[in-house]
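**Q** Below you'll find protein_30.txt; it's compact mmCIF, C-alpha atoms.
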```txt
# COMPACT_ATOMS: atom_id res chain seq x y z
CA MET S 1 -17.68 24.88 28.63
CA ARG S 2 -19.24 23.99 31.96
CA ILE S 3 -18.80 20.45 33.22
CA GLU S 4 -19.74 18.56 36.36
CA LEU S 5 -17.77 15.63 37.61
CA SER S 6 -17.01 13.75 40.78
CA VAL S 7 -13.42 14.01 41.94
CA ASN S 8 -12.37 11.74 44.80
CA GLY S 9 -16.02 11.38 45.75
CA VAL S 10 -16.76 15.11 45.82
CA ALA S 11 -19.07 16.68 43.21
CA ARG S 12 -17.29 19.51 41.42
CA ALA S 13 -18.44 21.97 38.77
CA LEU S 14 -15.90 23.55 36.45
CA GLU S 15 -15.86 26.08 33.68
CA CYS S 16 -13.03 25.10 31.38
CA GLU S 17 -11.65 25.74 27.96
CA GLU S 18 -12.29 22.88 25.52
CA ARG S 19 -8.57 22.31 25.02
CA THR S 20 -7.83 21.96 28.75
CA SER S 21 -6.60 18.46 29.54
CA LEU S 22 -8.09 16.63 32.50
CA ALA S 23 -4.63 16.82 34.09
CA ASP S 24 -4.50 20.61 33.81
CA ALA S 25 -8.07 20.98 35.09
CA LEU S 26 -7.23 18.84 38.13
CA ARG S 27 -4.01 20.68 38.86
CA GLU S 28 -4.79 24.26 37.99
CA GLN S 29 -8.52 24.57 38.59
CA LEU S 30 -9.03 22.13 41.45
CA GLY S 31 -5.58 22.52 43.02
CA LEU S 32 -5.00 18.76 43.00
CA THR S 33 -1.31 18.95 42.16
CA GLY S 34 -0.60 15.34 43.11
CA THR S 35 -1.26 14.42 39.48
CA HIS S 36 2.00 15.13 37.66
CA LEU S 37 2.48 16.03 34.00
CA GLY S 38 5.64 14.68 32.44
CA CYS S 39 5.56 14.09 28.71
CA GLU S 40 1.98 15.07 27.71
CA GLN S 41 2.30 12.26 25.15
CA GLY S 42 0.86 9.35 27.11
CA SER S 43 4.27 7.73 27.47
CA CYS S 44 5.55 8.49 30.96
CA GLY S 45 2.45 7.68 32.99
CA ALA S 46 2.98 10.27 35.74
CA CYS S 47 -0.47 11.78 35.03
CA SER S 48 -2.40 8.50 35.32
CA VAL S 49 -5.71 8.77 37.19
CA LEU S 50 -8.80 6.57 37.41
CA LEU S 51 -11.77 7.42 35.20
CA ASP S 52 -14.83 5.51 36.43
CA GLY S 53 -12.42 3.07 38.08
CA GLN S 54 -10.25 2.48 35.00
CA PRO S 55 -6.69 3.80 34.68
CA VAL S 56 -6.26 6.49 32.02
CA ARG S 57 -3.67 9.09 31.02
CA SER S 58 -5.14 12.42 32.12
CA CYS S 59 -2.89 14.28 29.65
CA LEU S 60 -4.69 12.54 26.74
CA LEU S 61 -8.22 13.33 27.86
CA PHE S 62 -9.86 16.71 27.59
CA ALA S 63 -11.66 17.77 30.75
CA VAL S 64 -14.83 18.40 28.70
CA GLN S 65 -14.86 14.70 27.81
CA CYS S 66 -15.19 13.85 31.51
CA ASP S 67 -18.53 15.55 32.13
CA GLY S 68 -20.49 13.27 34.46
CA ALA S 69 -17.52 10.98 35.15
CA ALA S 70 -15.97 9.91 38.46
CA ILE S 71 -12.27 10.67 38.74
CA THR S 72 -9.90 9.31 41.38
CA THR S 73 -6.55 11.02 41.81
CA VAL S 74 -3.65 10.17 44.11
CA GLU S 75 -5.19 12.51 46.71
CA GLY S 76 -8.25 10.24 46.85
CA LEU S 77 -6.61 6.88 47.56
CA ALA S 78 -7.03 7.10 51.33
CA PRO S 79 -8.65 9.46 53.86
CA ALA S 80 -6.47 12.42 54.92
CA GLY S 81 -3.72 11.31 57.29
CA GLU S 82 -4.06 7.64 56.37
CA LEU S 83 -2.27 5.52 53.82
CA HIS S 84 -3.76 2.92 51.48
CA PRO S 85 -1.82 -0.40 51.60
CA ILE S 86 -0.20 0.45 48.23
CA GLN S 87 1.01 3.80 49.59
CA ARG S 88 2.36 2.20 52.76
CA ALA S 89 4.07 -0.49 50.65
CA PHE S 90 5.78 2.18 48.52
CA HIS S 91 7.09 3.76 51.73
CA GLU S 92 8.29 0.50 53.25
CA GLN S 93 9.84 -0.89 50.05
CA HIS S 94 11.59 2.39 49.14
CA ALA S 95 9.64 2.42 45.88
CA LEU S 96 10.27 6.09 45.24
CA GLN S 97 13.15 8.48 45.31
CA CYS S 98 12.38 11.80 43.61
CA GLY S 99 8.67 10.96 43.63
CA PHE S 100 7.74 12.56 40.32
CA CYS S 101 6.40 9.34 38.78
CA THR S 102 4.89 8.01 42.02
CA PRO S 103 1.29 9.31 41.70
CA GLY S 104 0.93 7.53 38.35
CA PHE S 105 2.16 4.19 39.73
CA LEU S 106 -0.01 4.56 42.84
CA THR S 107 -3.26 5.27 40.97
CA VAL S 108 -2.73 2.52 38.37
CA LEU S 109 -1.82 -0.07 41.03
CA TYR S 110 -4.57 1.09 43.40
CA GLY S 111 -7.12 0.74 40.57
CA ALA S 112 -5.94 -2.77 39.67
CA LEU S 113 -5.73 -3.97 43.29
CA GLU S 114 -9.15 -2.63 44.25
CA ASP S 115 -10.63 -4.01 41.03
CA ALA S 116 -9.14 -7.45 41.81
CA ARG S 117 -10.50 -7.26 45.36
CA ARG S 118 -14.02 -6.46 44.14
CA ALA S 119 -13.92 -9.23 41.53
CA SER S 120 -12.17 -11.74 43.87
CA ARG S 121 -9.43 -12.07 41.25
CA HIS S 122 -5.77 -12.66 41.89
CA LEU S 123 -2.96 -10.78 40.21
CA ASP S 124 0.17 -12.71 39.31
CA ASP S 125 3.68 -11.35 38.81
CA ASN S 126 3.07 -11.04 35.07
CA GLU S 127 0.07 -8.78 35.58
CA LEU S 128 1.81 -6.72 38.24
CA THR S 129 4.86 -6.32 35.99
CA THR S 130 2.64 -5.21 33.11
CA LEU S 131 0.99 -2.61 35.36
CA VAL S 132 4.33 -1.38 36.72
CA GLY S 133 5.55 -1.23 33.11
CA SER S 134 2.92 1.41 32.34
CA GLY S 135 4.95 4.08 34.14
CA LEU S 136 8.39 5.52 33.63
CA CYS S 137 10.70 5.76 36.68
CA ARG S 138 14.30 6.95 36.34
CA CYS S 139 15.25 6.55 40.01
CA THR S 140 14.36 3.13 41.36
CA GLY S 141 15.04 0.61 38.60
CA TYR S 142 11.47 -0.67 39.12
CA HIS S 143 12.29 -3.61 41.42
CA PRO S 144 11.24 -1.77 44.60
CA ILE S 145 8.00 -0.69 42.85
CA LEU S 146 7.27 -4.30 41.92
CA ALA S 147 8.08 -5.37 45.49
CA ALA S 148 5.64 -2.74 46.79
CA ALA S 149 2.95 -3.91 44.36
CA ARG S 150 3.45 -7.50 45.58
CA GLN S 151 3.36 -6.49 49.24
CA ALA S 152 0.12 -4.54 48.80
CA ALA S 153 -1.45 -7.32 46.73
CA ARG S 154 -0.57 -9.82 49.49
CA GLU S 155 -1.96 -7.57 52.17
CA LEU S 156 -5.21 -7.13 50.24
CA GLY S 157 -5.45 -10.89 49.56
CA VAL S 158 -5.27 -10.55 45.78
CA TYR S 159 -1.76 -11.85 45.08
CA ALA S 160 -1.44 -15.06 43.06
CA GLU S 161 1.45 -16.67 44.96
CA GLY S 162 4.01 -18.34 42.73
CA GLY S 163 2.32 -16.88 39.65
CA MET U 1 2.86 21.39 25.04
CA LYS U 2 -0.82 22.28 24.83
CA PRO U 3 -3.15 21.94 21.84
CA GLN U 4 -4.53 24.83 19.84
CA SER U 5 -8.08 25.95 20.70
CA PHE U 6 -10.93 24.08 19.06
CA GLU U 7 -14.67 23.75 19.16
CA TYR U 8 -15.74 20.62 21.01
CA VAL U 9 -18.87 18.77 19.91
CA ARG U 10 -20.14 15.79 21.88
CA ALA U 11 -21.99 13.51 19.45
CA GLY U 12 -25.47 12.75 20.78
CA THR U 13 -26.37 10.35 17.98
CA LEU U 14 -24.55 8.77 15.06
CA ASP U 15 -26.63 10.83 12.63
CA SER U 16 -25.76 14.08 14.37
CA ALA U 17 -22.05 13.16 14.28
CA LEU U 18 -22.30 12.55 10.52
CA GLU U 19 -24.18 15.85 10.07
CA ILE U 20 -21.42 17.77 11.83
CA LEU U 21 -18.75 16.04 9.75
CA ALA U 22 -20.66 16.76 6.52
CA ASP U 23 -20.95 20.46 7.41
CA ALA U 24 -17.46 20.96 8.81
CA GLY U 25 -15.56 19.36 5.94
CA ASP U 26 -11.86 18.97 6.60
CA GLU U 27 -11.96 21.43 9.53
CA ALA U 28 -13.26 18.66 11.78
CA LYS U 29 -11.55 15.67 13.31
CA VAL U 30 -13.22 12.72 15.00
CA ILE U 31 -11.90 11.77 18.43
CA ALA U 32 -12.34 8.14 19.48
CA GLY U 33 -9.90 6.96 22.18
CA GLY U 34 -7.64 9.89 21.41
CA GLN U 35 -4.47 8.01 22.37
CA SER U 36 -2.78 8.90 19.07
CA LEU U 37 -4.72 12.04 18.15
CA VAL U 38 -4.22 13.95 21.41
CA PRO U 39 -0.42 13.46 21.44
CA VAL U 40 -0.21 14.97 17.94
CA MET U 41 -2.61 17.75 19.00
CA ASN U 42 -0.39 18.43 22.03
CA LEU U 43 2.55 18.74 19.62
CA ARG U 44 0.35 20.91 17.33
CA LEU U 45 1.02 18.58 14.45
CA ALA U 46 -2.80 18.29 14.30
CA ARG U 47 -4.83 21.48 14.74
CA PRO U 48 -8.48 20.62 14.12
CA ALA U 49 -10.94 23.52 14.35
CA VAL U 50 -13.73 21.18 15.45
CA LEU U 51 -13.36 18.02 17.52
CA VAL U 52 -16.26 15.59 17.22
CA ASP U 53 -16.31 13.25 20.23
CA ILE U 54 -17.93 9.92 19.33
CA ASN U 55 -17.27 8.32 22.74
CA PRO U 56 -20.90 8.73 23.88
CA LEU U 57 -22.11 6.54 20.96
CA ALA U 58 -22.59 3.21 22.76
CA GLU U 59 -23.70 1.51 19.53
CA LEU U 60 -20.13 1.87 18.24
CA ALA U 61 -18.68 0.01 21.25
CA ARG U 62 -20.37 -3.34 20.60
CA VAL U 63 -18.73 -6.70 20.06
CA GLU U 64 -21.17 -8.74 17.95
CA GLN U 65 -20.95 -12.43 17.08
CA ARG U 66 -22.57 -12.87 13.68
CA ALA U 67 -23.02 -15.97 11.56
CA GLY U 68 -19.48 -16.86 10.50
CA ALA U 69 -18.12 -13.48 11.47
CA LEU U 70 -17.12 -11.21 14.31
CA ARG U 71 -18.12 -7.58 14.12
CA LEU U 72 -16.20 -5.07 16.23
CA GLY U 73 -17.58 -1.55 16.62
CA ALA U 74 -15.11 1.27 16.06
CA LEU U 75 -15.11 2.13 19.78
CA VAL U 76 -14.23 -1.34 21.04
CA ARG U 77 -11.26 -0.67 23.34
CA HIS U 78 -7.98 -2.55 23.13
CA ARG U 79 -8.41 -3.48 26.80
CA THR U 80 -11.78 -5.13 26.10
CA LEU U 81 -10.17 -7.37 23.49
CA GLU U 82 -7.15 -8.00 25.75
CA ARG U 83 -9.51 -9.30 28.44
CA GLY U 84 -10.54 -12.03 26.00
CA GLU U 85 -14.27 -11.57 25.85
CA VAL U 86 -14.42 -12.48 22.13
CA GLY U 87 -13.63 -16.20 22.50
CA GLY U 88 -12.46 -18.81 20.01
CA ALA U 89 -9.16 -18.89 18.13
CA LEU U 90 -9.85 -15.42 16.77
CA GLY U 91 -10.52 -14.06 20.26
CA GLY U 92 -7.25 -15.58 21.43
CA LEU U 93 -5.37 -13.78 18.66
CA LEU U 94 -7.08 -10.44 19.40
CA ALA U 95 -6.29 -10.74 23.12
CA GLU U 96 -2.64 -11.51 22.39
CA VAL U 97 -2.33 -8.61 19.95
CA ALA U 98 -4.12 -6.08 22.18
CA GLY U 99 -1.64 -6.78 24.98
CA HIS U 100 1.15 -5.43 22.74
CA ILE U 101 -0.45 -2.00 22.24
CA GLY U 102 1.02 0.79 24.39
CA HIS U 103 0.43 0.46 28.14
CA VAL U 104 -2.61 -0.55 30.20
CA PRO U 105 -4.02 3.01 30.63
CA VAL U 106 -3.61 3.60 26.88
CA ARG U 107 -5.39 0.31 26.12
CA VAL U 108 -8.28 1.25 28.41
CA ARG U 109 -9.04 4.22 26.21
CA GLY U 110 -7.61 3.43 22.75
CA SER U 111 -10.02 1.90 20.23
CA ILE U 112 -9.76 -0.40 17.23
CA GLY U 113 -11.58 1.99 14.87
CA GLY U 114 -9.41 4.91 15.92
CA SER U 115 -6.31 2.83 15.37
CA LEU U 116 -7.40 1.92 11.82
CA ALA U 117 -8.38 5.50 10.95
CA HIS U 118 -5.08 6.86 12.32
CA ALA U 119 -3.18 4.25 10.25
CA ASP U 120 0.14 4.45 12.03
CA PRO U 121 2.54 2.25 10.03
CA GLY U 122 3.33 0.46 13.32
CA ALA U 123 -0.31 -0.10 14.32
CA GLU U 124 -0.99 -3.71 15.27
CA TRP U 125 -4.67 -3.59 14.22
CA CYS U 126 -3.86 -2.49 10.66
CA LEU U 127 -1.52 -5.48 10.35
CA VAL U 128 -3.96 -7.96 11.85
CA ALA U 129 -6.96 -6.67 9.88
CA LEU U 130 -4.95 -7.01 6.68
CA ALA U 131 -3.87 -10.59 7.44
CA LEU U 132 -7.44 -11.56 8.34
CA GLU U 133 -8.90 -9.87 5.23
CA ALA U 134 -11.19 -7.75 7.36
CA GLU U 135 -13.70 -5.29 5.97
CA VAL U 136 -14.05 -1.76 7.27
CA GLU U 137 -17.54 -0.31 7.54
CA ILE U 138 -17.65 3.43 6.85
CA ALA U 139 -20.45 6.00 6.98
CA ARG U 140 -21.04 9.53 5.83
CA ARG U 141 -24.30 11.46 5.83
CA GLY U 142 -26.84 9.41 3.90
CA GLU U 143 -24.34 6.81 2.72
CA ARG U 144 -22.56 3.69 3.93
CA ARG U 145 -19.81 1.70 2.28
CA ARG U 146 -17.51 -1.20 3.01
CA LEU U 147 -13.89 -1.46 2.03
CA THR U 148 -11.38 -4.23 2.37
CA VAL U 149 -8.60 -3.19 4.74
CA ASP U 150 -6.21 -3.40 1.78
CA ALA U 151 -8.25 -0.75 -0.06
CA PHE U 152 -8.78 1.27 3.13
CA LEU U 153 -5.11 1.60 4.07
CA ASP U 154 -3.11 3.94 1.90
CA GLY U 155 0.30 5.01 3.19
CA PRO U 156 1.63 6.05 6.58
CA PHE U 157 -1.15 7.90 8.45
CA THR U 158 -3.29 8.02 5.31
CA THR U 159 -6.41 6.04 4.42
CA ALA U 160 -9.28 6.08 1.93
CA LEU U 161 -11.42 7.78 4.60
CA ALA U 162 -12.81 11.14 3.40
CA PRO U 163 -12.90 14.04 5.90
CA ASP U 164 -16.69 13.70 6.28
CA GLU U 165 -16.56 9.93 6.83
CA LEU U 166 -16.52 7.92 10.03
CA VAL U 167 -15.34 4.34 10.65
CA LEU U 168 -18.29 2.43 12.14
CA GLY U 169 -16.56 -0.87 12.67
CA LEU U 170 -14.72 -3.84 11.34
CA GLU U 171 -15.89 -7.29 10.31
CA LEU U 172 -13.65 -10.32 10.62
CA ALA U 173 -14.57 -13.71 9.15
CA ARG U 174 -14.55 -16.71 11.49
CA ARG U 175 -12.90 -19.46 9.50
CA PRO U 176 -13.37 -22.94 10.97
CA GLY U 177 -10.14 -24.94 10.82
CA TRP U 178 -7.87 -21.88 10.70
CA SER U 179 -5.40 -20.86 13.36
CA TYR U 180 -3.60 -17.61 14.00
CA GLY U 181 -0.22 -16.34 15.09
CA PHE U 182 1.26 -12.94 15.88
CA ALA U 183 4.72 -11.68 16.76
CA GLU U 184 6.33 -8.30 17.01
CA HIS U 185 9.59 -6.73 18.07
CA ALA U 186 9.74 -3.45 19.98
CA ARG U 187 12.92 -2.01 21.43
CA THR U 188 11.34 -1.20 24.80
CA HIS U 189 8.22 -2.27 26.67
CA GLY U 190 5.20 -0.39 25.33
CA ALA U 191 7.10 1.26 22.47
CA PHE U 192 5.97 1.11 18.86
CA ALA U 193 6.99 -2.13 17.18
CA GLN U 194 9.91 -1.97 14.77
CA SER U 195 8.50 -4.98 12.98
CA GLY U 196 5.54 -7.29 13.35
CA ALA U 197 3.80 -10.15 11.58
CA CYS U 198 0.40 -11.78 11.63
CA VAL U 199 -0.16 -15.19 10.11
CA ALA U 200 -3.37 -17.16 9.50
CA LEU U 201 -3.06 -20.80 8.50
CA GLN U 202 -5.22 -23.70 7.52
CA VAL U 203 -3.45 -26.99 8.18
CA ARG U 204 -4.85 -30.32 6.88
CA ASP U 205 -3.19 -33.64 7.65
CA GLU U 206 -0.07 -31.87 8.91
CA VAL U 207 0.30 -29.95 5.64
CA VAL U 208 -0.36 -26.22 5.20
CA ALA U 209 -3.40 -25.94 2.92
CA ALA U 210 -3.81 -22.14 2.92
CA ALA U 211 -1.96 -19.19 4.40
CA ARG U 212 -2.28 -15.45 4.91
CA VAL U 213 0.87 -13.61 5.92
CA ALA U 214 1.12 -9.87 6.63
CA VAL U 215 4.11 -7.93 7.88
CA MET U 216 4.75 -4.39 9.10
CA GLY U 217 7.97 -2.47 9.55
CA VAL U 218 9.26 -2.93 6.00
CA GLY U 219 7.37 -0.10 4.25
CA GLY U 220 4.89 2.72 4.63
CA ARG U 221 2.07 0.42 5.70
CA ALA U 222 1.51 -3.22 6.59
CA GLU U 223 1.52 -5.49 3.55
CA ARG U 224 0.40 -9.01 2.66
CA LEU U 225 3.31 -11.08 1.40
CA GLY U 226 1.93 -13.21 -1.45
CA PRO U 227 5.23 -14.97 -2.23
CA VAL U 228 5.60 -15.98 1.44
CA GLU U 229 2.06 -17.38 1.45
CA ALA U 230 2.85 -19.34 -1.73
CA ALA U 231 6.10 -20.64 -0.21
CA VAL U 232 4.27 -21.99 2.84
CA VAL U 233 1.31 -23.68 1.16
CA GLY U 234 1.97 -27.37 0.55
CA ARG U 235 4.72 -27.54 3.17
CA PRO U 236 4.61 -29.89 6.13
CA ALA U 237 3.43 -27.89 9.14
CA ASN U 238 6.68 -28.48 11.00
CA GLY U 239 8.71 -26.85 8.20
CA ALA U 240 6.38 -23.91 7.61
CA ALA U 241 8.03 -21.38 9.95
CA ALA U 242 11.49 -21.78 8.41
CA ALA U 243 10.06 -21.68 4.87
CA ALA U 244 8.10 -18.51 5.66
CA ALA U 245 11.16 -16.79 7.14
CA GLY U 246 13.32 -17.76 4.16
CA ALA U 247 10.77 -16.49 1.64
CA CYS U 248 10.26 -13.29 3.64
CA ARG U 249 13.97 -12.53 3.57
CA GLU U 250 13.90 -12.85 -0.24
CA VAL U 251 10.82 -10.74 -0.83
CA VAL U 252 10.95 -7.74 1.52
CA ASP U 253 12.96 -4.70 0.54
CA PRO U 254 12.89 -2.24 3.43
CA ALA U 255 14.51 1.16 3.37
CA GLY U 256 16.58 1.83 6.47
CA TYR U 257 16.22 4.87 8.70
CA ASP U 258 18.46 6.64 11.22
CA GLU U 259 20.81 3.98 12.58
CA VAL U 260 18.59 1.09 11.40
CA SER U 261 19.92 -0.62 8.28
CA PRO U 262 17.84 -2.34 5.57
CA ASP U 263 19.61 -5.61 6.38
CA TYR U 264 18.59 -5.38 10.02
CA LEU U 265 14.95 -4.69 9.10
CA ARG U 266 14.97 -7.58 6.63
CA ALA U 267 16.33 -9.95 9.28
CA LEU U 268 13.81 -8.62 11.79
CA ALA U 269 10.90 -9.12 9.39
CA ALA U 270 12.03 -12.70 8.71
CA ALA U 271 12.29 -13.31 12.46
CA VAL U 272 8.78 -12.05 13.28
CA VAL U 273 7.34 -13.97 10.30
CA ARG U 274 9.04 -17.13 11.57
CA ARG U 275 7.74 -16.59 15.12
CA ALA U 276 4.20 -15.71 13.98
CA THR U 277 4.07 -18.77 11.70
CA ALA U 278 5.30 -21.04 14.49
CA ALA U 279 2.70 -19.50 16.81
CA ALA U 280 -0.06 -20.14 14.27
CA ILE U 281 1.04 -23.79 13.89
CA ALA U 282 0.94 -24.23 17.69
CA ALA U 283 -2.32 -22.30 18.25
CA PRO U 284 -5.75 -23.92 18.61
CA THR U 285 -7.87 -23.90 15.45
CA GLU U 286 -11.18 -22.07 15.07
CA GLU U 287 -14.05 -24.42 15.77
CA ARG U 288 -17.19 -24.73 13.70
CA GLN U 289 -19.94 -22.68 15.35
```
What is this structure when it is put down as structure tokens?
**A**
Amino acid sequence: MRIELSVNGVARALECEERTSLADALREQLGLTGTHLGCEQGSCGACSVLLDGQPVRSCLLFAVQCDGAAITTVEGLAPAGELHPIQRAFHEQHALQCGFCTPGFLTVLYGALEDARRASRHLDDNELTTLVGSGLCRCTGYHPILAAARQAARELGVYAEGG
Amino acid sequence: MKPQSFEYVRAGTLDSALEILADAGDEAKVIAGGQSLVPVMNLRLARPAVLVDINPLAELARVEQRAGALRLGALVRHRTLERGEVGGALGGLLAEVAGHIGHVPVRVRGSIGGSLAHADPGAEWCLVALALEAEVEIARRGERRRLTVDAFLDGPFTTALAPDELVLGLELARRPGWSYGFAEHARTHGAFAQSGACVALQVRDEVVAAARVAVMGVGGRAERLGPVEAAVVGRPANGAAAAAAGACREVVDPAGYDEVSPDYLRALAAAVVRRATAAAIAAPTEERQ
């Protein structure tokens, strides 16, 4: 089936099998291997991408369901050679070790932070913890990821201090 | 793992979706949010020949306030309810419950109708719909029917839904003067609950006048607990939670599994019933519209 979608702001046309997940289409047909596939059950969160600005598991969506949609992957969070504040915060707070889960955390947090910025909302520690809880990381113990989320939220002016 | 090949049909209209289901018989499967269906397809536990995608049907995604009732379309996402756009005591309950389902990206996509049709024994919406005496609206080609959730839910992963039928939505009564509580226990964040309870109460002059109590995690599907409801009615509000927990411990008879003993599940059920009852006592009551 032929589909057209926007990936990281670029219009792409694809011919894909109905059973191809969005994650496999991104990785194998578009070469965007930043999106990682862990469990293919929706549990681990490594494959999370943004679908029309909302975080979704790309292993639980078929590519054919995304015809006409706008997808943002980890490759699209900042222009080439630059880092989005959430990416820089991950670096500075040592929020990754092996890095397998990192693209999922980055896209989910990027989506929430940018959404909060657009809506002039503030995210408190509860909300950030809930978002961080949507991914599975076996290296860090999560505290550095939460610290990175807080740092980026502060930098973007969307952190609810003391919340 | 990857799913088996299938034919994908994007529903253009509700009628065309029902046509396809009528013609395909049990070869077809409806995909709503897909957050339960796609995992089982990836494991090849489900191998539908035809997948009917109802996501384009915007009329199924509506939240409608009706006289004395709230109507939720089958495609209303958990995340929409979590964000609290429903309002009132009922909206507060739905927001609280939605926040317990999976993780944020799963809630963005997962839907209330899909959850009911999938009928996982640990599904929060089946439990809540049962406690609130909701009605499920179902359609097939040329026919519509309504079922109480009690009649709709059969056993684990089984419902009264025929292969050519589609869940259109769910209607929940708004009951002025009632308040709601929910509690569940899951072993890890985002995991399926081991046990959960939903309680609806009407309290008059500090005495419980009416109660609805449903529990999950003690059998193949969520169940109303009539004896617990009877034990609570007539009690002072401040003694209701303990009375509910005590009656629950007497009445439930769970079978254990793996390393989980029946005694543990019984204690867990009593604990979530106690917490949900206490939450209902403390919660704001539904106002007259």
**Q** Would you kindly report the residues of chain S within 10 Å of chain U, using all atoms listed in the file, as a VMD selection string?
**A** chain S and resid 1 17 to 21 24 39 to 45 48 to 51 54 to 62 64 to 65 108 130 to 135
**Q** Ranking U:Gly73, U:Gly246, U:Gly12, U:Gly92 by minimum distance to Gly181 in chain U and counting only C-alpha atoms, which one comes first?
**A**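 Ranking U:Gly73, U:Gly246, U:Gly12, U:Gly92 by distance to Gly181 in chain U, first place goes to U:Gly92.
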**Q** Which residues come within 12 Å of Ala278 in chain U, counting all atoms listed in the file, excluding same-chain residues fewer than 6 positions away, as JSON, numbers by chain?
**A** {"U": [179, 180, 181, 182, 183, 197, 198, 199, 200, 201, 232, 237, 238, 239, 240, 241, 242, 243, 244, 245, 271, 272]}
**Q** May I have the residues within 12 Å of range 152-156 of chain S as an mmCIF file with C-alpha atoms, in the frame of the given file, using all atoms listed in the file and disregarding those fewer than 6 positions away in the same chain?
**A**
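Written output follows (selection-v1.cif):
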```cif
data_model
loop_
_atom_site.group_PDB
_atom_site.id
_atom_site.type_symbol
_atom_site.label_atom_id
_atom_site.label_comp_id
_atom_site.auth_asym_id
_atom_site.auth_seq_id
_atom_site.Cartn_x
_atom_site.Cartn_y
_atom_site.Cartn_z
ATOM 1 C CA LEU S 83 -2.270 5.520 53.820
ATOM 2 C CA HIS S 84 -3.760 2.920 51.480
ATOM 3 C CA PRO S 85 -1.820 -0.400 51.600
ATOM 4 C CA ILE S 86 -0.200 0.450 48.230
ATOM 5 C CA GLN S 87 1.010 3.800 49.590
ATOM 6 C CA ARG S 88 2.360 2.200 52.760
ATOM 7 C CA ALA S 89 4.070 -0.490 50.650
ATOM 8 C CA PHE S 90 5.780 2.180 48.520
ATOM 9 C CA HIS S 91 7.090 3.760 51.730
ATOM 10 C CA GLU S 92 8.290 0.500 53.250
ATOM 11 C CA GLN S 93 9.840 -0.890 50.050
ATOM 12 C CA LEU S 106 -0.010 4.560 42.840
ATOM 13 C CA LEU S 109 -1.820 -0.070 41.030
ATOM 14 C CA TYR S 110 -4.570 1.090 43.400
ATOM 15 C CA GLY S 111 -7.120 0.740 40.570
ATOM 16 C CA ALA S 112 -5.940 -2.770 39.670
ATOM 17 C CA LEU S 113 -5.730 -3.970 43.290
ATOM 18 C CA GLU S 114 -9.150 -2.630 44.250
ATOM 19 C CA ASP S 115 -10.630 -4.010 41.030
ATOM 20 C CA ALA S 116 -9.140 -7.450 41.810
ATOM 21 C CA ARG S 117 -10.500 -7.260 45.360
ATOM 22 C CA ARG S 118 -14.020 -6.460 44.140
ATOM 23 C CA SER S 120 -12.170 -11.740 43.870
ATOM 24 C CA ARG S 121 -9.430 -12.070 41.250
ATOM 25 C CA HIS S 122 -5.770 -12.660 41.890
ATOM 26 C CA LEU S 123 -2.960 -10.780 40.210
ATOM 27 C CA ASP S 124 0.170 -12.710 39.310
ATOM 28 C CA ASP S 125 3.680 -11.350 38.810
ATOM 29 C CA GLU S 127 0.070 -8.780 35.580
ATOM 30 C CA LEU S 128 1.810 -6.720 38.240
ATOM 31 C CA ILE S 145 8.000 -0.690 42.850
ATOM 32 C CA LEU S 146 7.270 -4.300 41.920
ATOM 33 C CA GLY S 162 4.010 -18.340 42.730
#
```
**Q** Between CA of Gly256 in chain U and CA of His118 in chain U, what distance in Å does the model show, to one decimal?
**A**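 Atom-to-atom, CA of Gly256 in chain U to CA of His118 in chain U, that is 23.0 Å.
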**Q** Identify, on the basis of all atoms listed in the file, every residue whose closest approach to Leu57 in chain U does not exceed 9 Å; exclude the query and any residue fewer than 4 positions from it along the same chain; express the result as number ranges by chain.
**A** U: 11-14, 53, 61, 75
**Q** State, in Å with one decimal place, the distance from CA of Gly155 in chain U to CA of Gly220 in chain U.
**A**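 Answer for the CA of Gly155 in chain U to CA of Gly220 in chain U separation: 5.3 Å.
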**Q** Between S:Thr140, S:Ala63, S:Ile3, S:Asn8, single out the one closest to Ala80 in chain S, counting only C-alpha atoms.
**A** S:Asn8
**Q** Counting all atoms listed in the file, select every polymer residue within 9 Å of (-3.7, 3.6, 5.2) as defined in the file's coordinates, and provide the selection as a ChimeraX atom specification.
**A** /U:116-121,126,149-161,220-222
**Q** I'd like the interatomic distance between CA of Ala267 in chain U and CA of His100 in chain U, to a tenth of an Å.
**A** 20.8 Å
**Q** Compute the distance from (-10.2, -18.3, 18.5) to each atom, counting only C-alpha atoms, keep the residues with any atom at most 9 Å away, and return them as a list in words; use the coordinates of the file.
**A**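 Residues found, by chain and rising number: Val86, Gly87, Gly88, Ala89, Leu90, Gly91, Gly92, Leu93, Leu94, Arg174, Trp178, Ser179, Tyr180, Ala283, Pro284, Thr285, Glu286 and Glu287 of chain U.
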